[in-house]
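Below: query_0.cif (mmCIF, C-alpha atoms)
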```cif
data_model
loop_
_atom_site.group_PDB
_atom_site.id
_atom_site.type_symbol
_atom_site.label_atom_id
_atom_site.label_comp_id
_atom_site.auth_asym_id
_atom_site.auth_seq_id
_atom_site.Cartn_x
_atom_site.Cartn_y
_atom_site.Cartn_z
ATOM 1 C CA MET A 1 -30.643 6.601 -4.507
ATOM 2 C CA ASN A 2 -31.273 8.820 -7.492
ATOM 3 C CA ALA A 3 -29.355 8.639 -10.744
ATOM 4 C CA ASN A 4 -26.642 11.250 -11.131
ATOM 5 C CA ALA A 5 -27.443 12.647 -14.555
ATOM 6 C CA THR A 6 -24.245 14.667 -14.509
ATOM 7 C CA MET A 7 -21.847 11.777 -13.786
ATOM 8 C CA GLN A 8 -18.749 12.139 -15.918
ATOM 9 C CA ILE A 9 -16.665 9.231 -17.204
ATOM 10 C CA VAL A 10 -12.976 10.110 -17.238
ATOM 11 C CA ARG A 11 -10.273 7.979 -18.873
ATOM 12 C CA SER A 12 -7.252 10.264 -18.625
ATOM 13 C CA ILE A 13 -5.153 10.728 -15.487
ATOM 14 C CA ALA A 14 -4.358 14.323 -16.450
ATOM 15 C CA GLU A 15 -8.038 15.147 -16.975
ATOM 16 C CA LEU A 16 -9.106 13.692 -13.637
ATOM 17 C CA GLN A 17 -6.301 15.469 -11.791
ATOM 18 C CA ASN A 18 -7.307 18.725 -13.440
ATOM 19 C CA ILE A 19 -10.925 18.227 -12.346
ATOM 20 C CA LEU A 20 -9.985 17.299 -8.789
ATOM 21 C CA ASN A 21 -7.148 19.777 -8.311
ATOM 22 C CA THR A 22 -7.344 20.875 -4.687
ATOM 23 C CA LYS A 23 -7.253 24.511 -5.776
ATOM 24 C CA GLN A 24 -10.444 23.928 -7.766
ATOM 25 C CA ARG A 25 -12.391 22.093 -5.047
ATOM 26 C CA ASP A 26 -13.379 25.283 -3.242
ATOM 27 C CA GLY A 27 -13.246 23.505 0.095
ATOM 28 C CA ARG A 28 -15.263 20.499 -1.049
ATOM 29 C CA THR A 29 -14.183 17.062 0.167
ATOM 30 C CA VAL A 30 -13.653 13.937 -1.946
ATOM 31 C CA GLY A 31 -14.681 10.378 -1.113
ATOM 32 C CA PHE A 32 -13.086 7.616 -3.200
ATOM 33 C CA VAL A 33 -14.224 4.080 -4.012
ATOM 34 C CA PRO A 34 -11.577 2.049 -5.913
ATOM 35 C CA THR A 35 -12.945 -1.069 -7.657
ATOM 36 C CA MET A 36 -12.164 -3.580 -10.393
ATOM 37 C CA GLY A 37 -15.680 -3.235 -11.768
ATOM 38 C CA PHE A 38 -18.517 -5.687 -12.358
ATOM 39 C CA LEU A 39 -20.259 -3.772 -9.615
ATOM 40 C CA HIS A 40 -22.566 -5.323 -7.043
ATOM 41 C CA GLU A 41 -24.373 -4.141 -3.932
ATOM 42 C CA GLY A 42 -21.167 -4.258 -1.904
ATOM 43 C CA HIS A 43 -19.547 -1.639 -4.136
ATOM 44 C CA LEU A 44 -22.701 0.473 -4.161
ATOM 45 C CA THR A 45 -22.795 0.426 -0.372
ATOM 46 C CA LEU A 46 -19.293 1.917 -0.375
ATOM 47 C CA VAL A 47 -20.588 4.659 -2.674
ATOM 48 C CA LYS A 48 -23.532 5.245 -0.330
ATOM 49 C CA HIS A 49 -21.113 5.868 2.552
ATOM 50 C CA ALA A 50 -18.935 8.153 0.423
ATOM 51 C CA ARG A 51 -21.989 10.076 -0.817
ATOM 52 C CA ARG A 52 -23.205 10.560 2.748
ATOM 53 C CA ASP A 53 -19.835 11.830 3.982
ATOM 54 C CA HIS A 54 -18.424 13.915 1.117
ATOM 55 C CA ASP A 55 -19.228 16.576 -1.459
ATOM 56 C CA ILE A 56 -17.602 14.775 -4.400
ATOM 57 C CA VAL A 57 -17.613 11.010 -5.004
ATOM 58 C CA VAL A 58 -15.054 9.380 -7.288
ATOM 59 C CA MET A 59 -15.132 5.710 -8.265
ATOM 60 C CA SER A 60 -12.404 3.984 -10.251
ATOM 61 C CA ILE A 61 -12.849 0.861 -12.343
ATOM 62 C CA PHE A 62 -9.572 -0.802 -13.264
ATOM 63 C CA VAL A 63 -8.810 -4.503 -13.505
ATOM 64 C CA ASN A 64 -5.241 -4.279 -12.287
ATOM 65 C CA PRO A 65 -2.915 -6.754 -14.040
ATOM 66 C CA ALA A 66 -0.188 -6.131 -11.456
ATOM 67 C CA GLN A 67 -2.100 -8.065 -8.784
ATOM 68 C CA PHE A 68 -2.787 -11.184 -10.875
ATOM 69 C CA GLY A 69 -0.173 -13.921 -10.822
ATOM 70 C CA PRO A 70 0.621 -16.529 -13.506
ATOM 71 C CA GLY A 71 -2.362 -18.765 -14.169
ATOM 72 C CA GLU A 72 -4.782 -16.473 -12.319
ATOM 73 C CA ASP A 73 -8.008 -15.138 -13.763
ATOM 74 C CA TYR A 74 -7.057 -11.702 -15.168
ATOM 75 C CA GLU A 75 -8.477 -12.361 -18.631
ATOM 76 C CA ALA A 76 -11.512 -14.167 -17.219
ATOM 77 C CA TYR A 77 -12.300 -11.470 -14.658
ATOM 78 C CA PRO A 78 -15.861 -10.265 -15.435
ATOM 79 C CA ARG A 79 -16.204 -6.881 -17.142
ATOM 80 C CA ASP A 80 -19.287 -4.884 -18.192
ATOM 81 C CA GLU A 81 -18.524 -1.193 -18.515
ATOM 82 C CA GLN A 82 -21.974 -0.042 -19.635
ATOM 83 C CA ARG A 83 -23.728 -1.829 -16.790
ATOM 84 C CA ASP A 84 -21.162 -0.519 -14.290
ATOM 85 C CA ALA A 85 -21.594 3.054 -15.510
ATOM 86 C CA GLU A 86 -25.378 2.840 -15.117
ATOM 87 C CA LEU A 87 -25.056 1.447 -11.587
ATOM 88 C CA ALA A 88 -22.446 4.030 -10.595
ATOM 89 C CA SER A 89 -24.605 6.873 -11.888
ATOM 90 C CA THR A 90 -27.655 5.579 -10.036
ATOM 91 C CA ALA A 91 -25.638 5.261 -6.825
ATOM 92 C CA GLY A 92 -24.561 8.912 -7.034
ATOM 93 C CA VAL A 93 -20.991 8.808 -8.326
ATOM 94 C CA ASP A 94 -19.795 12.160 -9.681
ATOM 95 C CA TYR A 95 -16.685 10.999 -11.568
ATOM 96 C CA LEU A 96 -16.145 7.471 -12.862
ATOM 97 C CA PHE A 97 -12.465 6.929 -13.645
ATOM 98 C CA ILE A 98 -11.927 4.108 -16.178
ATOM 99 C CA PRO A 99 -8.301 4.168 -17.347
ATOM 100 C CA SER A 100 -6.696 1.711 -19.737
ATOM 101 C CA VAL A 101 -3.733 -0.422 -18.702
ATOM 102 C CA LYS A 102 -1.515 1.749 -20.904
ATOM 103 C CA GLU A 103 -2.797 4.877 -19.160
ATOM 104 C CA MET A 104 -2.039 3.475 -15.713
ATOM 105 C CA TYR A 105 1.224 1.737 -16.611
ATOM 106 C CA PRO A 106 2.734 3.622 -19.581
ATOM 107 C CA HIS A 107 6.302 2.595 -18.724
ATOM 108 C CA PRO A 108 7.897 -0.592 -17.386
ATOM 109 C CA SER A 109 8.841 -0.123 -13.735
ATOM 110 C CA SER A 110 11.367 -1.983 -11.622
ATOM 111 C CA ILE A 111 10.286 -0.224 -8.409
ATOM 112 C CA ARG A 112 8.338 -2.478 -6.060
ATOM 113 C CA ILE A 113 6.296 -1.903 -2.915
ATOM 114 C CA LEU A 114 6.728 -4.793 -0.489
ATOM 115 C CA PRO A 115 3.928 -5.091 2.093
ATOM 116 C CA GLY A 116 5.820 -7.169 4.689
ATOM 117 C CA GLU A 117 4.709 -9.923 7.060
ATOM 118 C CA GLN A 118 0.985 -9.174 6.784
ATOM 119 C CA ALA A 119 1.116 -10.303 3.147
ATOM 120 C CA THR A 120 2.635 -13.715 3.917
ATOM 121 C CA ARG A 121 -0.528 -15.025 5.597
ATOM 122 C CA LEU A 122 -4.013 -16.010 4.417
ATOM 123 C CA CYS A 123 -4.430 -15.272 0.683
ATOM 124 C CA GLY A 124 -0.928 -13.859 0.467
ATOM 125 C CA ALA A 125 0.616 -17.230 1.345
ATOM 126 C CA SER A 126 -0.543 -18.740 -1.946
ATOM 127 C CA ARG A 127 -0.399 -15.554 -4.026
ATOM 128 C CA PRO A 128 3.147 -14.176 -3.780
ATOM 129 C CA GLY A 129 3.350 -10.682 -5.228
ATOM 130 C CA HIS A 130 -0.418 -10.146 -5.186
ATOM 131 C CA PHE A 131 -0.408 -7.441 -2.527
ATOM 132 C CA ASP A 132 2.650 -5.812 -4.104
ATOM 133 C CA GLY A 133 0.390 -5.167 -7.098
ATOM 134 C CA VAL A 134 -2.508 -4.011 -4.936
ATOM 135 C CA LEU A 135 -0.384 -1.405 -3.165
ATOM 136 C CA LYS A 136 1.221 -0.346 -6.446
ATOM 137 C CA VAL A 137 -2.088 0.537 -8.057
ATOM 138 C CA LEU A 138 -3.535 2.060 -4.890
ATOM 139 C CA LEU A 139 -0.552 4.370 -4.441
ATOM 140 C CA LYS A 140 -1.081 5.557 -8.002
ATOM 141 C CA LEU A 141 -4.825 5.995 -7.485
ATOM 142 C CA PHE A 142 -4.383 7.818 -4.168
ATOM 143 C CA ASN A 143 -1.922 10.184 -5.846
ATOM 144 C CA ILE A 144 -4.209 10.715 -8.843
ATOM 145 C CA VAL A 145 -7.445 11.287 -6.899
ATOM 146 C CA ASP A 146 -5.983 12.706 -3.662
ATOM 147 C CA PRO A 147 -9.106 11.666 -1.725
ATOM 148 C CA ASP A 148 -9.960 12.841 1.765
ATOM 149 C CA GLU A 149 -11.398 9.406 2.545
ATOM 150 C CA SER A 150 -11.238 6.037 0.742
ATOM 151 C CA TYR A 151 -13.768 3.248 1.284
ATOM 152 C CA PHE A 152 -13.090 -0.497 1.455
ATOM 153 C CA GLY A 153 -15.280 -3.458 2.364
ATOM 154 C CA MET A 154 -14.413 -5.818 5.196
ATOM 155 C CA LYS A 155 -14.799 -8.900 2.968
ATOM 156 C CA ASP A 156 -11.188 -8.471 1.828
ATOM 157 C CA ALA A 157 -10.008 -8.122 5.428
ATOM 158 C CA GLN A 158 -6.356 -8.982 4.763
ATOM 159 C CA GLN A 159 -6.189 -6.442 1.959
ATOM 160 C CA LEU A 160 -7.832 -3.852 4.191
ATOM 161 C CA ALA A 161 -5.359 -4.482 7.031
ATOM 162 C CA ILE A 162 -2.413 -4.098 4.642
ATOM 163 C CA ILE A 163 -3.866 -0.907 3.133
ATOM 164 C CA GLU A 164 -4.440 0.612 6.566
ATOM 165 C CA THR A 165 -0.833 -0.162 7.522
ATOM 166 C CA PHE A 166 0.459 1.233 4.217
ATOM 167 C CA VAL A 167 -1.435 4.508 4.592
ATOM 168 C CA ARG A 168 -0.325 4.846 8.226
ATOM 169 C CA ASP A 169 3.336 3.999 7.677
ATOM 170 C CA PHE A 170 3.786 6.203 4.595
ATOM 171 C CA ASN A 171 1.764 9.169 5.879
ATOM 172 C CA LEU A 172 -0.619 9.161 2.945
ATOM 173 C CA ARG A 173 -3.218 11.909 3.182
ATOM 174 C CA THR A 174 -6.323 9.797 2.738
ATOM 175 C CA THR A 175 -8.253 8.232 5.619
ATOM 176 C CA ILE A 176 -9.291 4.590 5.206
ATOM 177 C CA SER A 177 -12.903 3.815 6.076
ATOM 178 C CA ARG A 178 -14.008 0.240 6.848
ATOM 179 C CA VAL A 179 -17.441 -0.783 5.580
ATOM 180 C CA PRO A 180 -19.093 -4.047 6.748
ATOM 181 C CA THR A 181 -19.398 -6.919 4.256
ATOM 182 C CA VAL A 182 -22.606 -6.881 2.221
ATOM 183 C CA ARG A 183 -24.215 -10.308 1.993
ATOM 184 C CA GLU A 184 -26.845 -12.204 0.062
ATOM 185 C CA GLU A 185 -29.959 -13.276 1.956
ATOM 186 C CA ASP A 186 -28.360 -16.652 2.721
ATOM 187 C CA GLY A 187 -25.203 -15.051 4.101
ATOM 188 C CA LEU A 188 -22.851 -15.440 1.123
ATOM 189 C CA ALA A 189 -20.552 -12.430 0.844
ATOM 190 C CA LYS A 190 -21.326 -10.487 -2.328
ATOM 191 C CA SER A 191 -18.502 -10.733 -4.855
ATOM 192 C CA SER A 192 -17.989 -10.176 -8.576
ATOM 193 C CA ARG A 193 -16.748 -13.770 -8.747
ATOM 194 C CA ASN A 194 -20.023 -15.294 -7.480
ATOM 195 C CA VAL A 195 -21.431 -15.306 -11.024
ATOM 196 C CA ARG A 196 -18.869 -17.949 -11.953
ATOM 197 C CA LEU A 197 -20.170 -20.501 -9.468
ATOM 198 C CA GLU A 198 -22.085 -23.497 -10.759
ATOM 199 C CA LYS A 199 -25.671 -23.654 -9.465
ATOM 200 C CA SER A 200 -24.851 -26.454 -7.030
ATOM 201 C CA GLU A 201 -21.735 -24.590 -5.845
ATOM 202 C CA ARG A 202 -23.749 -21.412 -5.314
ATOM 203 C CA ASN A 203 -26.132 -23.354 -3.102
ATOM 204 C CA GLU A 204 -23.219 -24.729 -1.091
ATOM 205 C CA ALA A 205 -21.287 -21.464 -0.819
ATOM 206 C CA SER A 206 -23.452 -19.979 1.925
ATOM 207 C CA ALA A 207 -22.074 -22.694 4.226
ATOM 208 C CA ILE A 208 -18.826 -20.699 4.500
ATOM 209 C CA ASN A 209 -20.506 -17.878 6.381
ATOM 210 C CA ARG A 210 -22.579 -20.270 8.482
ATOM 211 C CA ALA A 211 -19.384 -22.037 9.555
ATOM 212 C CA LEU A 212 -17.729 -18.753 10.500
ATOM 213 C CA VAL A 213 -20.760 -17.610 12.501
ATOM 214 C CA ALA A 214 -20.806 -20.967 14.312
ATOM 215 C CA GLY A 215 -17.093 -20.570 15.029
ATOM 216 C CA LYS A 216 -17.695 -17.121 16.508
ATOM 217 C CA LYS A 217 -20.389 -18.545 18.785
ATOM 218 C CA ARG A 218 -18.074 -21.294 20.014
ATOM 219 C CA TYR A 219 -15.271 -18.766 20.597
ATOM 220 C CA TYR A 220 -17.504 -16.685 22.847
ATOM 221 C CA GLU A 221 -18.482 -19.877 24.646
ATOM 222 C CA GLY A 222 -14.822 -20.236 25.624
ATOM 223 C CA VAL A 223 -13.504 -22.638 22.964
ATOM 224 C CA PRO A 224 -9.787 -21.928 22.172
ATOM 225 C CA LEU A 225 -9.134 -20.350 18.776
ATOM 226 C CA GLN A 226 -7.151 -23.362 17.519
ATOM 227 C CA GLU A 227 -10.202 -25.548 18.175
ATOM 228 C CA VAL A 228 -12.486 -22.970 16.578
ATOM 229 C CA GLU A 229 -10.392 -23.224 13.409
ATOM 230 C CA LYS A 230 -10.984 -26.990 13.344
ATOM 231 C CA ILE A 231 -14.735 -26.545 13.919
ATOM 232 C CA VAL A 232 -15.033 -24.078 11.031
ATOM 233 C CA ARG A 233 -12.914 -26.228 8.715
ATOM 234 C CA LYS A 234 -14.952 -29.354 9.469
ATOM 235 C CA ALA A 235 -18.233 -27.566 8.815
ATOM 236 C CA ILE A 236 -17.041 -26.280 5.426
ATOM 237 C CA GLU A 237 -15.694 -29.710 4.471
ATOM 238 C CA ASN A 238 -19.006 -31.350 5.398
ATOM 239 C CA GLU A 239 -21.255 -28.860 3.617
ATOM 240 C CA THR A 240 -19.387 -27.984 0.415
ATOM 241 C CA SER A 241 -17.613 -29.708 -2.439
ATOM 242 C CA GLY A 242 -14.979 -26.963 -2.510
ATOM 243 C CA THR A 243 -11.323 -27.359 -1.598
ATOM 244 C CA ILE A 244 -10.270 -25.415 1.482
ATOM 245 C CA ASP A 245 -7.256 -23.187 0.904
ATOM 246 C CA TYR A 246 -7.159 -22.069 4.527
ATOM 247 C CA VAL A 247 -9.172 -21.561 7.685
ATOM 248 C CA THR A 248 -7.047 -19.419 9.988
ATOM 249 C CA ALA A 249 -7.444 -17.381 13.177
ATOM 250 C CA LEU A 250 -5.146 -14.369 13.623
ATOM 251 C CA ALA A 251 -4.919 -11.112 15.551
ATOM 252 C CA TYR A 252 -6.425 -8.212 13.607
ATOM 253 C CA PRO A 253 -5.253 -6.022 11.954
ATOM 254 C CA SER A 254 -1.650 -7.134 12.616
ATOM 255 C CA LEU A 255 -2.405 -10.612 11.169
ATOM 256 C CA ASN A 256 -0.024 -12.269 13.594
ATOM 257 C CA GLU A 257 -0.615 -14.758 16.383
ATOM 258 C CA GLY A 258 -0.269 -12.283 19.252
ATOM 259 C CA PHE A 259 -3.794 -12.838 20.518
ATOM 260 C CA ASN A 260 -3.000 -11.508 23.987
ATOM 261 C CA GLN A 261 -1.919 -8.137 22.584
ATOM 262 C CA THR A 262 -4.936 -7.413 20.395
ATOM 263 C CA GLU A 263 -8.511 -6.241 20.850
ATOM 264 C CA GLU A 264 -9.797 -8.073 17.772
ATOM 265 C CA VAL A 265 -9.204 -11.435 16.133
ATOM 266 C CA ILE A 266 -10.211 -12.639 12.692
ATOM 267 C CA ILE A 267 -11.220 -16.084 11.513
ATOM 268 C CA ALA A 268 -10.721 -16.100 7.759
ATOM 269 C CA ALA A 269 -11.505 -18.780 5.175
ATOM 270 C CA ALA A 270 -10.779 -19.325 1.491
ATOM 271 C CA VAL A 271 -12.513 -22.073 -0.476
ATOM 272 C CA LYS A 272 -11.829 -22.966 -4.091
ATOM 273 C CA PHE A 273 -14.673 -24.205 -6.261
ATOM 274 C CA THR A 274 -14.441 -25.325 -9.892
ATOM 275 C CA SER A 275 -13.996 -21.913 -11.510
ATOM 276 C CA THR A 276 -13.554 -19.487 -8.680
ATOM 277 C CA ARG A 277 -12.140 -19.020 -5.202
ATOM 278 C CA LEU A 278 -14.261 -17.465 -2.458
ATOM 279 C CA ILE A 279 -13.012 -15.700 0.649
ATOM 280 C CA ASP A 280 -14.869 -14.677 3.781
ATOM 281 C CA ASN A 281 -14.119 -13.789 7.376
ATOM 282 C CA ILE A 282 -15.552 -12.818 10.697
ATOM 283 C CA ILE A 283 -13.927 -10.400 13.145
ATOM 284 C CA MET A 284 -14.447 -10.833 16.863
ATOM 285 C CA SER A 285 -13.618 -8.844 19.966
ATOM 286 C CA THR A 286 -11.215 -10.471 22.388
ATOM 287 C CA ILE A 287 -13.242 -8.897 25.189
ATOM 288 C CA LYS A 288 -15.825 -11.559 25.931
ATOM 289 C CA ASP A 289 -18.915 -10.144 27.586
ATOM 290 C CA GLU A 290 -22.630 -10.894 27.596
ATOM 291 C CA LYS A 291 -23.352 -8.975 24.397
ATOM 292 C CA ASN A 292 -20.920 -11.197 22.466
ATOM 293 C CA VAL A 293 -22.421 -14.511 23.538
#
```
Would you put the structure from the file into structure tokens?
Amino acid sequence: MNANATMQIVRSIAELQNILNTKQRDGRTVGFVPTMGFLHEGHLTLVKHARRDHDIVVMSIFVNPAQFGPGEDYEAYPRDEQRDAELASTAGVDYLFIPSVKEMYPHPSSIRILPGEQATRLCGASRPGHFDGVLKVLLKLFNIVDPDESYFGMKDAQQLAIIETFVRDFNLRTTISRVPTVREEDGLAKSSRNVRLEKSERNEASAINRALVAGKKRYYEGVPLQEVEKIVRKAIENETSGTIDYVTALAYPSLNEGFNQTEEVIIAAAVKFTSTRLIDNIIMSTIKDEKNV
């Protein structure tokens, strides 16, 4: 990827909307990558897909306070604007939108977006209100950018399922594009929070993905999903010092237990280490054939 020498950093909603006004696009399409910054290869892969598919690429960097609950890591969330801008430019971003909290939320608002049953499972079970905040900021960003297509990684599979449902149910104009999880060489899902792991924890963390892959293998060997959950949980307990928040199998993307009415299932895990909480998942077809085994 070559650096985009003409990348423009925009901090004002009005300025970005003026730039991206559909009347001024002259038929050009817009791909959008929303992020909270501290960019890594996973984010840059999203940009690569957007750059391949669209004429204009917009990335946003905004650490959204609305999705952090009491005692969560909003203030501690890693930030490095200069580094992020350099990476975004190199990846080929045209417009980097970096608004302040005051710019995004200039007025107190009592209006809430409630994501429903999907948000009561997995991470949502221990983070009430989290996905309310996610959908709140995304609705604003989708309205500001008006993208033809928006790109999200599969690592945050629950978030992705909720976003897909939100866009479908409210007839939002953008199309949601799923991009596979980008991983380190040892299988750990790339995340901005990985930098907060202690060295010993970082060494252990790759066991999460290994456990999920082993669970997938056992599932395709005919082991019931409830037993697969136990196998994955036991492997993580044996190989890490982290505390398991959950290991859960659900239909995807509905995130319910209707396994007989779905073509895909997800096994998702969340593990809390000393200073950070890691999530990962693996999605499997319910159609078991030779290529799956």
Q. For the file shown, what are the residues hit by the PyMOL selection byres ((chain A and resi 65) around 10), laid out as a count of residues only?
A. 16
Q: Quote the spacing between CA of Val33 (chain A) and CA of Leu172 (chain A) in Å to one decimal place.
A: 16.1 Å
Q. Can you find the residues with an atom no farther than 12 Å from (-21.6, -5.9, -6.3), counting all atoms listed in the file, and report them as number ranges by chain?
A. A: 35-47, 78, 83-84, 87-88, 91, 153, 155, 181-184, 189-195
Q. Taking into account all atoms listed in the file, which residue in the set A:Ser126, A:Asn21, A:Thr175, A:Asn281 is nearest to Asp148 (chain A)?
A.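 Among the listed residues, the smallest separation from Asp148 (chain A) belongs to A:Thr175.
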Q) Restricting the calculation to only C-alpha atoms, which member of A:Leu122, A:Gly129, A:Leu135, A:Ala85 is positioned closest to Ile267 (chain A)? A)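 Between A:Leu122, A:Gly129, A:Leu135, A:Ala85, the residue approaching Ile267 (chain A) most closely is A:Leu122.
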Q) Counting all atoms listed in the file, which of A:Val30, A:Ile287, A:Leu278, A:Ala235 gets nearest to Arg52 (chain A)? A) A:Val30
Q. Region 204-217 of chain A: which residues within 8 Å, counting only C-alpha atoms, same-chain residues fewer than 5 positions away excluded, as a list of chain:residue names?
A. A:Asp186, A:Gly187, A:Leu188, A:Ala189, A:Val228, A:Glu229, A:Ile231, A:Val232, A:Arg233, A:Ala235, A:Ile236, A:Glu239, A:Thr240, A:Ser241, A:Ile267, A:Ala268, A:Ala269, A:Asp280, A:Asn281, A:Ile282, A:Met284, A:Val293
Q | Between CA of Ile9 (chain A) and CA of His54 (chain A) - distance in Å to one decimal | A |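 Spanning CA of His54 (chain A) to CA of Ile9 (chain A) is a straight-line distance of 19.0 Å.
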Q | Evaluate the PyMOL selection byres ((chain A and resi 177) around 10) and report residues as number ranges by chain | A | A: 31, 46, 49-50, 149-154, 160, 164, 174-176, 178-179
Q.
Just checking: using all atoms listed in the file, which residue out of A:Glu257, A:Glu201, A:Glu227, A:Glu15 ends up closest to Glu103 (chain A)?
A.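 So, comparing all the options, the nearest one is A:Glu15.
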Q: Would you mind reading off the distance between CA of Glu263 (chain A) and CA of Phe166 (chain A), one decimal, in Å?
A: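 Computing the Euclidean distance for CA of Glu263 (chain A) and CA of Phe166 (chain A) yields 20.3 Å.
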Q: Kindly indicate which residue among A:Gln261, A:Gln17, A:Thr274, A:Ser254 lies nearest to Lys199 (chain A), using only C-alpha atoms for the distances.
A: A:Thr274
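Among the candidates A:Ile266, A:Met7, A:Ala157, A:Leu16, the residue lying nearest to Ser89 (chain A) is A:Met7 (atoms considered: all atoms listed in the file).
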Where's the centre, and what are the edge lengths in Å to one decimal, of a box along x, y and z enclosing all listed atoms of region 86-101 of chain A padded 8 Å per side, as AutoDock Vina command-line options?
```
--center_x -15.7 --center_y 5.9 --center_z -13.3 --size_x 39.9 --size_y 28.6 --size_z 28.9
```
Q: Within 7 Å of Tyr95 (chain A), counting all atoms listed in the file, which residues show up once you throw out same-chain ones fewer than 3 positions away? Write them as a PyMOL selection string, please.
A: chain A and resi 7-10+57-59
